[in-house]
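Below is one structure; the comments refer to it alone.
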Amino acid sequence: MSDASKGPLIEFQGITKTYGQGQAAFQALRGVDLCIREGEFLAIMGPSGSGKSTAMNILGCLDTPSSGSFLFQGVHVENLDRNQRALLRRHYLGFVFQGFNLLARTSAQENVELPLLYRGEPPERRHQAAREALALVGLSGWEHHTPAELSGGQQQRVAIARAIVTQPLVLLADEPTGNLDSQRSHEIMELLARLNREQNITVLMVTHEPDMAVYTSRVVHFVDGLVASDNPQEGQAC
Amino acid sequence: MLMNAILLALREIRRNLMRSFLTILGIVIGVAAVITMVTLGNGATKMVSDQISSLGSNLLIMRPGQRLGPGRDEAGAPKFKVADAEAIRNQVGSLQAVAPVVGSSVTLVAGNNNWSSTVTGTTNSYFTTGNWTLGSGRKFSDEDEKVGRSVCVIGNTVRTKLYGQQNPLGASLRIKNFSCEVIGLLASKGQGAMGMDQDDVVVIPLLTAQRRLTGNQDVATLMISMQDGADSTRVMSQIRQLMRERRKLAENDDDNFNLMDTKQIAQTLSGTIGTMTSLLGAVAAVSLLVGGIGIMNIMLVSVTERTREIGIRLAIGALENEVLLQFLIEAVALSALGGLLGILLALVACLGLSALTQMPFIFDPGINLLAFAFSAAIGVLFGYMPARRAASLDPIEALRHE
Ligand SMILES: Nc1ncnc2c1ncn2[C@@H]1O[C@H](COP(=O)(O)OP(=O)(O)OP(=O)(O)O)[C@@H](O)[C@H]1O
Ligand SMILES: [Mg+2]
């Protein structure tokens, strides 16, 4: 399990993000400090427009901050270029999006194999790992269904399988239950909590719903581009 | 990385079979058009040169009148006589044979069968100038030619039409109003180009033809064959000089006969056909280019349509180059596939058309290879821009795209 002496997994120090320039410039993040340890299950909450997605995109190395430093496993990554960030995502991160974002007309199996393909895994390993990941999210037997043949909850579980098939250090999810009814939402949350517990995957998620936040071990509130409240567990503060 | 990109590209093509097919239709038609044009052009060239070389090698043909072809002014020009043929034979060097020829269309009758054909009155030299070999029997004897005996040598078609499988040698053949004895059978030259049957001939001594068919001493045509390696320009100018003297033409009179070299005709005709072929090929190449633009268009649409998909790929760790390569390979694979289908279509079209026009079908690997390479190159050329655009998308923007 997590080892406090190893230092934090992710560290934000005074992260800002400004969109646009000059008159039209808008500061979506205004100096965020955040420290996340391995094995945490963290929910980011806050009103619309408070910068949650912006922070998520930077955490997920999809975007770069305007200023501040971002350390991933103690390494500065705020100034990495496009390709370096892609490699970081490929090797350490998994994504689950609000709109599922599966490849259409492509079987669940092939969707899940996609990240492994970019990692250059051999076909045997790919098939095996994808089957295992689908089994883990409870979709054994649905390998050859395309997204159009799956329910919303099932599609989101395929998306989670795709995110964890590479055994990432961090799973990032921006409103993963945003498109689901409450029954399916609870199923997804239970799945994420189980993955966090059993696979020791650090899970970072954005949610609007307090119901969903109860599954997590820590909730960070954003207001107007700043962290308004945070409840790091005992002994886990950086 | 390359293997992966190929795998992804092929998967993508298979996922959208109908769209893929429509995309490459332009290329298919372009490639097929180019190959068909060039192949048919080659066939036509071959047909013409075959046809002319089957007339005989190193052959000159001389006719009265100034020009050859439609509207020739043969009317006023004096005809040739046998003496002209002899004079040429004796006074011009490097010649192999000179055959005076008269011809007439007639109905042939043998037993209960009849057949319309052409009778050629000439000398034994004709067999040399026309590249004929005897299948069986004999040619004319000196006696036959001198006294104008009623003997004939027949071609294979005449033999089958009139005698079936029977041996025609010694049989009698009725030509118009006289009978002659079949003394020889020519070896078959086979079906000539353009459906012209070269074996549909009856050859009789010149004197016999003049007496029995034309009723005068004129000679319509002189067939002159030169020795191998003879300088045809020099031979022709010698013959021309000789004929001008014999016909008593003044210094500034035009020739009232014309002499032509079959090889030259062949070259001129092949040249013309070659020009036509290049022209048609160029038109077809334009259609290939249009096909390429079609591919670019569809690929651009597909980049827009698949923006989200590209976003997903980038988000889960695809490198810019990998996306670029995937789209590029998709375009190249599509256009190469189009090229292959085009080659197949051209093959079918060429076989069909050459059967229809009786032109020979000559498979030209060069043009097939060229058209294929060109279509693949079009894939690279027109696939690059859409691929570049796909690869440079911002993953966040792309994911948000609806
Ligand atoms: N690409 C962009 N260009 C300009 N402004 C942007 C851009 N992305 C986000 N913003 C602005 O930044 C602010 C924060 O946006 P963000 O998407 O992070 O909000 P959020 O907390 O995720 O909201 P929601 O709960 O509605 O998803 C918003 O005011 C938004 O208008
Ligand atoms: Mg958001």
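Within each chain, counting starts at residue 1; across the structure tokens, chains are named A, B, ... in the order shown, with ligands numbered 1 upward in that order.
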At a cut-off of 9 Å, can you tabulate as a Markdown table every residue of chain A near ligand 1 together with its closest atom pair and the distance in Å to one decimal, using only C-alpha atoms and all ligand atoms and ordering rows by chain then number?
```
| residue | atom | partner | partner_atom_place_in_ligand_line | distance |
| --- | --- | --- | --- | --- |
| A:Lys17 | CA | ligand 1 | 12 (O) | 8.5 |
| A:Thr18 | CA | ligand 1 | 5 (N) | 7.9 |
| A:Tyr19 | CA | ligand 1 | 4 (C) | 4.7 |
| A:Gly20 | CA | ligand 1 | 4 (C) | 6.0 |
| A:Ala24 | CA | ligand 1 | 4 (C) | 8.9 |
| A:Ala25 | CA | ligand 1 | 4 (C) | 8.1 |
| A:Phe26 | CA | ligand 1 | 5 (N) | 6.4 |
| A:Gln27 | CA | ligand 1 | 12 (O) | 7.0 |
| A:Ala28 | CA | ligand 1 | 12 (O) | 4.3 |
| A:Leu29 | CA | ligand 1 | 14 (C) | 7.5 |
| A:Met45 | CA | ligand 1 | 21 (O) | 8.0 |
| A:Gly46 | CA | ligand 1 | 21 (O) | 6.5 |
| A:Pro47 | CA | ligand 1 | 25 (O) | 5.8 |
| A:Ser48 | CA | ligand 1 | 25 (O) | 3.5 |
| A:Gly49 | CA | ligand 1 | 19 (O) | 3.5 |
| A:Ser50 | CA | ligand 1 | 21 (O) | 4.0 |
| A:Gly51 | CA | ligand 1 | 18 (O) | 3.1 |
| A:Lys52 | CA | ligand 1 | 21 (O) | 3.7 |
| A:Ser53 | CA | ligand 1 | 22 (O) | 3.6 |
| A:Thr54 | CA | ligand 1 | 18 (O) | 3.7 |
| A:Ala55 | CA | ligand 1 | 18 (O) | 6.5 |
| A:Met56 | CA | ligand 1 | 18 (O) | 7.9 |
| A:Asn57 | CA | ligand 1 | 18 (O) | 8.5 |
| A:Asp174 | CA | ligand 1 | 22 (O) | 8.2 |
| A:Glu175 | CA | ligand 1 | 27 (O) | 8.1 |
| A:Val206 | CA | ligand 1 | 22 (O) | 8.0 |
| A:Thr207 | CA | ligand 1 | 25 (O) | 8.0 |
| A:His208 | CA | ligand 1 | 25 (O) | 7.0 |
| A:Phe222 | CA | ligand 1 | 21 (O) | 7.6 |
| A:Val223 | CA | ligand 1 | 21 (O) | 8.4 |
| A:Asp224 | CA | ligand 1 | 14 (C) | 8.1 |
| A:Gly225 | CA | ligand 1 | 14 (C) | 7.3 |
```
Discussion item. Neighbouring residues of Ser232 of chain B were defined as those with any atom within 12 Å, considering only C-alpha atoms; residues of the same chain fewer than 4 positions away were excluded. Please report them as a list in words.
Written reply: Ser57, Asn58, Leu59, Leu60, Val92, Gly93, Ser94, Leu95, Ile224, Ser225, Met226, Gln227, Asp228, Met236, Ser237, Gln238, Ile239, Arg240, Leu259, Met260, Asp261, Thr262, Lys263 and Gln264 of chain B
DSSP on the backbone, then: every residue of segment 16-95 of chain B marked alpha helix (DSSP H), written as a PDB file with N, CA, C and O atoms, in the first residue's frame.
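Result went into states10.pdb, see below:
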```pdb
ATOM      1  N   LEU B  17     -16.957   0.123 -44.810  1.00  0.00           N
ATOM      2  CA  LEU B  17     -16.766  -0.475 -46.136  1.00  0.00           C
ATOM      3  C   LEU B  17     -17.386   0.353 -47.252  1.00  0.00           C
ATOM      4  O   LEU B  17     -16.752   0.627 -48.262  1.00  0.00           O
ATOM      5  N   MET B  18     -18.636   0.762 -47.039  1.00  0.00           N
ATOM      6  CA  MET B  18     -19.356   1.470 -48.096  1.00  0.00           C
ATOM      7  C   MET B  18     -18.668   2.791 -48.418  1.00  0.00           C
ATOM      8  O   MET B  18     -18.414   3.097 -49.581  1.00  0.00           O
ATOM      9  N   ARG B  19     -18.338   3.528 -47.356  1.00  0.00           N
ATOM     10  CA  ARG B  19     -17.688   4.808 -47.575  1.00  0.00           C
ATOM     11  C   ARG B  19     -16.329   4.609 -48.246  1.00  0.00           C
ATOM     12  O   ARG B  19     -15.951   5.344 -49.155  1.00  0.00           O
ATOM     13  N   SER B  20     -15.608   3.578 -47.805  1.00  0.00           N
ATOM     14  CA  SER B  20     -14.303   3.298 -48.401  1.00  0.00           C
ATOM     15  C   SER B  20     -14.448   3.036 -49.884  1.00  0.00           C
ATOM     16  O   SER B  20     -13.677   3.543 -50.699  1.00  0.00           O
ATOM     17  N   PHE B  21     -15.471   2.265 -50.237  1.00  0.00           N
ATOM     18  CA  PHE B  21     -15.662   1.912 -51.637  1.00  0.00           C
ATOM     19  C   PHE B  21     -15.942   3.164 -52.471  1.00  0.00           C
ATOM     20  O   PHE B  21     -15.335   3.379 -53.521  1.00  0.00           O
ATOM     21  N   LEU B  22     -16.832   4.002 -51.958  1.00  0.00           N
ATOM     22  CA  LEU B  22     -17.165   5.226 -52.704  1.00  0.00           C
ATOM     23  C   LEU B  22     -15.947   6.138 -52.828  1.00  0.00           C
ATOM     24  O   LEU B  22     -15.748   6.790 -53.844  1.00  0.00           O
ATOM     25  N   THR B  23     -15.137   6.142 -51.772  1.00  0.00           N
ATOM     26  CA  THR B  23     -13.945   6.987 -51.799  1.00  0.00           C
ATOM     27  C   THR B  23     -13.028   6.607 -52.944  1.00  0.00           C
ATOM     28  O   THR B  23     -12.484   7.458 -53.630  1.00  0.00           O
ATOM     29  N   ILE B  24     -12.867   5.291 -53.131  1.00  0.00           N
ATOM     30  CA  ILE B  24     -11.859   4.865 -54.103  1.00  0.00           C
ATOM     31  C   ILE B  24     -12.419   4.737 -55.511  1.00  0.00           C
ATOM     32  O   ILE B  24     -11.678   4.466 -56.440  1.00  0.00           O
ATOM     33  N   LEU B  25     -13.726   4.958 -55.661  1.00  0.00           N
ATOM     34  CA  LEU B  25     -14.332   4.771 -56.976  1.00  0.00           C
ATOM     35  C   LEU B  25     -13.613   5.614 -58.038  1.00  0.00           C
ATOM     36  O   LEU B  25     -13.339   5.143 -59.143  1.00  0.00           O
ATOM     37  N   GLY B  26     -13.298   6.863 -57.682  1.00  0.00           N
ATOM     38  CA  GLY B  26     -12.613   7.748 -58.620  1.00  0.00           C
ATOM     39  C   GLY B  26     -11.279   7.170 -59.063  1.00  0.00           C
ATOM     40  O   GLY B  26     -10.934   7.182 -60.238  1.00  0.00           O
ATOM     41  N   ILE B  27     -10.526   6.654 -58.088  1.00  0.00           N
ATOM     42  CA  ILE B  27      -9.222   6.058 -58.385  1.00  0.00           C
ATOM     43  C   ILE B  27      -9.398   4.815 -59.261  1.00  0.00           C
ATOM     44  O   ILE B  27      -8.680   4.612 -60.233  1.00  0.00           O
ATOM     45  N   VAL B  28     -10.388   3.989 -58.903  1.00  0.00           N
ATOM     46  CA  VAL B  28     -10.629   2.757 -59.659  1.00  0.00           C
ATOM     47  C   VAL B  28     -10.848   3.106 -61.134  1.00  0.00           C
ATOM     48  O   VAL B  28     -10.205   2.549 -62.029  1.00  0.00           O
ATOM     49  N   ILE B  29     -11.740   4.071 -61.353  1.00  0.00           N
ATOM     50  CA  ILE B  29     -12.076   4.419 -62.734  1.00  0.00           C
ATOM     51  C   ILE B  29     -10.876   5.069 -63.425  1.00  0.00           C
ATOM     52  O   ILE B  29     -10.565   4.759 -64.574  1.00  0.00           O
ATOM     53  N   GLY B  30     -10.180   5.939 -62.719  1.00  0.00           N
ATOM     54  CA  GLY B  30      -9.010   6.592 -63.301  1.00  0.00           C
ATOM     55  C   GLY B  30      -7.954   5.590 -63.726  1.00  0.00           C
ATOM     56  O   GLY B  30      -7.477   5.608 -64.858  1.00  0.00           O
ATOM     57  N   VAL B  31      -7.602   4.689 -62.815  1.00  0.00           N
ATOM     58  CA  VAL B  31      -6.579   3.688 -63.122  1.00  0.00           C
ATOM     59  C   VAL B  31      -7.042   2.796 -64.276  1.00  0.00           C
ATOM     60  O   VAL B  31      -6.295   2.545 -65.224  1.00  0.00           O
ATOM     61  N   ALA B  32      -8.295   2.367 -64.204  1.00  0.00           N
ATOM     62  CA  ALA B  32      -8.812   1.491 -65.256  1.00  0.00           C
ATOM     63  C   ALA B  32      -8.768   2.209 -66.602  1.00  0.00           C
ATOM     64  O   ALA B  32      -8.381   1.620 -67.623  1.00  0.00           O
ATOM     65  N   ALA B  33      -9.131   3.502 -66.603  1.00  0.00           N
ATOM     66  CA  ALA B  33      -9.145   4.250 -67.862  1.00  0.00           C
ATOM     67  C   ALA B  33      -7.737   4.362 -68.443  1.00  0.00           C
ATOM     68  O   ALA B  33      -7.521   4.099 -69.626  1.00  0.00           O
ATOM     69  N   VAL B  34      -6.781   4.737 -67.599  1.00  0.00           N
ATOM     70  CA  VAL B  34      -5.407   4.889 -68.094  1.00  0.00           C
ATOM     71  C   VAL B  34      -4.909   3.572 -68.693  1.00  0.00           C
ATOM     72  O   VAL B  34      -4.413   3.525 -69.825  1.00  0.00           O
ATOM     73  N   ILE B  35      -5.070   2.500 -67.936  1.00  0.00           N
ATOM     74  CA  ILE B  35      -4.529   1.216 -68.400  1.00  0.00           C
ATOM     75  C   ILE B  35      -5.237   0.752 -69.666  1.00  0.00           C
ATOM     76  O   ILE B  35      -4.614   0.284 -70.617  1.00  0.00           O
ATOM     77  N   THR B  36      -6.566   0.915 -69.691  1.00  0.00           N
ATOM     78  CA  THR B  36      -7.314   0.459 -70.865  1.00  0.00           C
ATOM     79  C   THR B  36      -6.886   1.231 -72.115  1.00  0.00           C
ATOM     80  O   THR B  36      -6.625   0.640 -73.158  1.00  0.00           O
ATOM     81  N   MET B  37      -6.788   2.560 -71.978  1.00  0.00           N
ATOM     82  CA  MET B  37      -6.377   3.375 -73.122  1.00  0.00           C
ATOM     83  C   MET B  37      -5.030   2.921 -73.660  1.00  0.00           C
ATOM     84  O   MET B  37      -4.855   2.707 -74.852  1.00  0.00           O
ATOM     85  N   VAL B  38      -4.069   2.814 -72.771  1.00  0.00           N
ATOM     86  CA  VAL B  38      -2.715   2.491 -73.218  1.00  0.00           C
ATOM     87  C   VAL B  38      -2.662   1.077 -73.801  1.00  0.00           C
ATOM     88  O   VAL B  38      -2.052   0.846 -74.844  1.00  0.00           O
ATOM     89  N   THR B  39      -3.356   0.142 -73.137  1.00  0.00           N
ATOM     90  CA  THR B  39      -3.322  -1.239 -73.625  1.00  0.00           C
ATOM     91  C   THR B  39      -3.982  -1.347 -74.997  1.00  0.00           C
ATOM     92  O   THR B  39      -3.452  -1.997 -75.903  1.00  0.00           O
ATOM     93  N   LEU B  40      -5.124  -0.688 -75.150  1.00  0.00           N
ATOM     94  CA  LEU B  40      -5.796  -0.732 -76.447  1.00  0.00           C
ATOM     95  C   LEU B  40      -4.944  -0.051 -77.512  1.00  0.00           C
ATOM     96  O   LEU B  40      -4.859  -0.517 -78.648  1.00  0.00           O
ATOM     97  N   GLY B  41      -4.284   1.044 -77.140  1.00  0.00           N
ATOM     98  CA  GLY B  41      -3.404   1.733 -78.079  1.00  0.00           C
ATOM     99  C   GLY B  41      -2.275   0.827 -78.538  1.00  0.00           C
ATOM    100  O   GLY B  41      -1.988   0.722 -79.735  1.00  0.00           O
ATOM    101  N   ASN B  42      -1.670   0.129 -77.579  1.00  0.00           N
ATOM    102  CA  ASN B  42      -0.611  -0.819 -77.934  1.00  0.00           C
ATOM    103  C   ASN B  42      -1.139  -1.888 -78.868  1.00  0.00           C
ATOM    104  O   ASN B  42      -0.481  -2.286 -79.824  1.00  0.00           O
ATOM    105  N   GLY B  43      -2.349  -2.377 -78.562  1.00  0.00           N
ATOM    106  CA  GLY B  43      -2.956  -3.422 -79.387  1.00  0.00           C
ATOM    107  C   GLY B  43      -3.174  -2.926 -80.808  1.00  0.00           C
ATOM    108  O   GLY B  43      -2.871  -3.616 -81.779  1.00  0.00           O
ATOM    109  N   ALA B  44      -3.660  -1.674 -80.921  1.00  0.00           N
ATOM    110  CA  ALA B  44      -3.931  -1.126 -82.251  1.00  0.00           C
ATOM    111  C   ALA B  44      -2.634  -0.975 -83.039  1.00  0.00           C
ATOM    112  O   ALA B  44      -2.569  -1.292 -84.227  1.00  0.00           O
ATOM    113  N   THR B  45      -1.598  -0.499 -82.360  1.00  0.00           N
ATOM    114  CA  THR B  45      -0.304  -0.353 -83.020  1.00  0.00           C
ATOM    115  C   THR B  45       0.194  -1.697 -83.537  1.00  0.00           C
ATOM    116  O   THR B  45       0.637  -1.840 -84.672  1.00  0.00           O
ATOM    117  N   LYS B  46       0.072  -2.699 -82.652  1.00  0.00           N
ATOM    118  CA  LYS B  46       0.532  -4.038 -83.017  1.00  0.00           C
ATOM    119  C   LYS B  46      -0.268  -4.561 -84.201  1.00  0.00           C
ATOM    120  O   LYS B  46       0.285  -5.146 -85.140  1.00  0.00           O
ATOM    121  N   MET B  47      -1.573  -4.306 -84.155  1.00  0.00           N
ATOM    122  CA  MET B  47      -2.435  -4.803 -85.219  1.00  0.00           C
ATOM    123  C   MET B  47      -2.014  -4.208 -86.556  1.00  0.00           C
ATOM    124  O   MET B  47      -1.863  -4.919 -87.551  1.00  0.00           O
ATOM    125  N   VAL B  48      -1.798  -2.902 -86.570  1.00  0.00           N
ATOM    126  CA  VAL B  48      -1.436  -2.237 -87.825  1.00  0.00           C
ATOM    127  C   VAL B  48      -0.090  -2.742 -88.337  1.00  0.00           C
ATOM    128  O   VAL B  48       0.059  -3.061 -89.513  1.00  0.00           O
ATOM    129  N   SER B  49       0.867  -2.853 -87.442  1.00  0.00           N
ATOM    130  CA  SER B  49       2.178  -3.266 -87.937  1.00  0.00           C
ATOM    131  C   SER B  49       2.151  -4.729 -88.385  1.00  0.00           C
ATOM    132  O   SER B  49       2.804  -5.088 -89.356  1.00  0.00           O
ATOM    133  N   ASP B  50       1.350  -5.545 -87.696  1.00  0.00           N
ATOM    134  CA  ASP B  50       1.194  -6.947 -88.132  1.00  0.00           C
ATOM    135  C   ASP B  50       0.619  -7.004 -89.526  1.00  0.00           C
ATOM    136  O   ASP B  50       1.091  -7.725 -90.402  1.00  0.00           O
ATOM    137  N   GLN B  51      -0.434  -6.218 -89.695  1.00  0.00           N
ATOM    138  CA  GLN B  51      -1.153  -6.217 -90.955  1.00  0.00           C
ATOM    139  C   GLN B  51      -0.218  -5.845 -92.092  1.00  0.00           C
ATOM    140  O   GLN B  51      -0.222  -6.448 -93.150  1.00  0.00           O
ATOM    141  N   ILE B  52       0.614  -4.840 -91.841  1.00  0.00           N
ATOM    142  CA  ILE B  52       1.469  -4.357 -92.913  1.00  0.00           C
ATOM    143  C   ILE B  52       2.646  -5.296 -93.144  1.00  0.00           C
ATOM    144  O   ILE B  52       3.024  -5.561 -94.275  1.00  0.00           O
ATOM    145  N   SER B  53       3.165  -5.873 -92.062  1.00  0.00           N
ATOM    146  CA  SER B  53       4.283  -6.775 -92.284  1.00  0.00           C
ATOM    147  C   SER B  53       3.815  -8.074 -92.935  1.00  0.00           C
ATOM    148  O   SER B  53       4.587  -8.763 -93.579  1.00  0.00           O
ATOM    149  N   VAL B  82       3.827  -5.093-118.545  1.00  0.00           N
ATOM    150  CA  VAL B  82       4.770  -6.100-118.050  1.00  0.00           C
ATOM    151  C   VAL B  82       6.202  -5.630-118.264  1.00  0.00           C
ATOM    152  O   VAL B  82       7.083  -5.872-117.440  1.00  0.00           O
ATOM    153  N   ALA B  83       6.390  -4.918-119.339  1.00  0.00           N
ATOM    154  CA  ALA B  83       7.738  -4.435-119.651  1.00  0.00           C
ATOM    155  C   ALA B  83       8.283  -3.538-118.545  1.00  0.00           C
ATOM    156  O   ALA B  83       9.482  -3.521-118.273  1.00  0.00           O
ATOM    157  N   ASP B  84       7.387  -2.781-117.874  1.00  0.00           N
ATOM    158  CA  ASP B  84       7.832  -1.932-116.772  1.00  0.00           C
ATOM    159  C   ASP B  84       8.436  -2.779-115.660  1.00  0.00           C
ATOM    160  O   ASP B  84       9.486  -2.464-115.107  1.00  0.00           O
ATOM    161  N   ALA B  85       7.741  -3.858-115.331  1.00  0.00           N
ATOM    162  CA  ALA B  85       8.228  -4.752-114.282  1.00  0.00           C
ATOM    163  C   ALA B  85       9.594  -5.309-114.654  1.00  0.00           C
ATOM    164  O   ALA B  85      10.521  -5.345-113.832  1.00  0.00           O
ATOM    165  N   GLU B  86       9.734  -5.705-115.904  1.00  0.00           N
ATOM    166  CA  GLU B  86      11.013  -6.285-116.339  1.00  0.00           C
ATOM    167  C   GLU B  86      12.125  -5.240-116.300  1.00  0.00           C
ATOM    168  O   GLU B  86      13.247  -5.514-115.879  1.00  0.00           O
ATOM    169  N   ALA B  87      11.791  -4.025-116.737  1.00  0.00           N
ATOM    170  CA  ALA B  87      12.798  -2.968-116.736  1.00  0.00           C
ATOM    171  C   ALA B  87      13.291  -2.693-115.322  1.00  0.00           C
ATOM    172  O   ALA B  87      14.491  -2.580-115.073  1.00  0.00           O
ATOM    173  N   ILE B  88      12.358  -2.620-114.393  1.00  0.00           N
ATOM    174  CA  ILE B  88      12.752  -2.361-112.999  1.00  0.00           C
ATOM    175  C   ILE B  88      13.637  -3.488-112.474  1.00  0.00           C
ATOM    176  O   ILE B  88      14.696  -3.273-111.895  1.00  0.00           O
ATOM    177  N   ARG B  89      13.180  -4.700-112.752  1.00  0.00           N
ATOM    178  CA  ARG B  89      13.922  -5.875-112.283  1.00  0.00           C
ATOM    179  C   ARG B  89      15.354  -5.859-112.815  1.00  0.00           C
ATOM    180  O   ARG B  89      16.308  -6.179-112.096  1.00  0.00           O
ATOM    181  N   ASN B  90      15.510  -5.442-114.103  1.00  0.00           N
ATOM    182  CA  ASN B  90      16.826  -5.513-114.723  1.00  0.00           C
ATOM    183  C   ASN B  90      17.706  -4.316-114.436  1.00  0.00           C
ATOM    184  O   ASN B  90      18.920  -4.421-114.453  1.00  0.00           O
ATOM    185  N   GLN B  91      17.107  -3.187-114.169  1.00  0.00           N
ATOM    186  CA  GLN B  91      17.930  -1.981-114.109  1.00  0.00           C
ATOM    187  C   GLN B  91      18.141  -1.425-112.701  1.00  0.00           C
ATOM    188  O   GLN B  91      18.970  -0.552-112.497  1.00  0.00           O
TER     189      GLN B  91
END
```
Show me, as JSON lines, the residues of chain B having an atom within 8 Å of chain A, each with the closest atom pair and its distance in Å, using only C-alpha atoms.
```
{"residue": "B:Met1", "atom": "CA", "partner": "A:Gly120", "partner_atom": "CA", "distance": 7.2}
{"residue": "B:Asn4", "atom": "CA", "partner": "A:Leu117", "partner_atom": "CA", "distance": 6.8}
{"residue": "B:Arg15", "atom": "CA", "partner": "A:Arg105", "partner_atom": "CA", "distance": 6.8}
{"residue": "B:Arg308", "atom": "CA", "partner": "A:Asn101", "partner_atom": "CA", "distance": 7.6}
{"residue": "B:Glu309", "atom": "CA", "partner": "A:Leu103", "partner_atom": "CA", "distance": 6.2}
{"residue": "B:Ile312", "atom": "CA", "partner": "A:Asn101", "partner_atom": "CA", "distance": 6.8}
{"residue": "B:Leu314", "atom": "CA", "partner": "A:Ala86", "partner_atom": "CA", "distance": 7.1}
{"residue": "B:Ala315", "atom": "CA", "partner": "A:Leu62", "partner_atom": "CA", "distance": 6.9}
{"residue": "B:Ile316", "atom": "CA", "partner": "A:Arg90", "partner_atom": "CA", "distance": 5.8}
{"residue": "B:Gly317", "atom": "CA", "partner": "A:Arg90", "partner_atom": "CA", "distance": 4.1}
{"residue": "B:Ala318", "atom": "CA", "partner": "A:Tyr118", "partner_atom": "CA", "distance": 6.1}
{"residue": "B:Leu319", "atom": "CA", "partner": "A:Asn83", "partner_atom": "CA", "distance": 5.9}
{"residue": "B:Glu320", "atom": "CA", "partner": "A:Asn83", "partner_atom": "CA", "distance": 6.9}
{"residue": "B:Pro395", "atom": "CA", "partner": "A:Leu62", "partner_atom": "CA", "distance": 6.8}
{"residue": "B:Ile396", "atom": "CA", "partner": "A:Leu62", "partner_atom": "CA", "distance": 6.8}
{"residue": "B:Leu399", "atom": "CA", "partner": "A:Asn101", "partner_atom": "CA", "distance": 8.0}
```
From atom CA of Gly291 of chain B to atom CA of Thr272 of chain B the spacing works out at 28.9 Å
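Computed from the coordinates, the atom CA of Lys79 of chain B to atom CA of Leu242 of chain B distance equals 15.2 Å.
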### Query
Using only C-alpha atoms, which residues sit within 12 Å of Trp132 of chain B once same-chain residues fewer than 2 positions away are excluded, as a PyMOL selection string?
chain B and resi 54-57+124-130+134-135+139+153-156+184-190+198-199+201+203
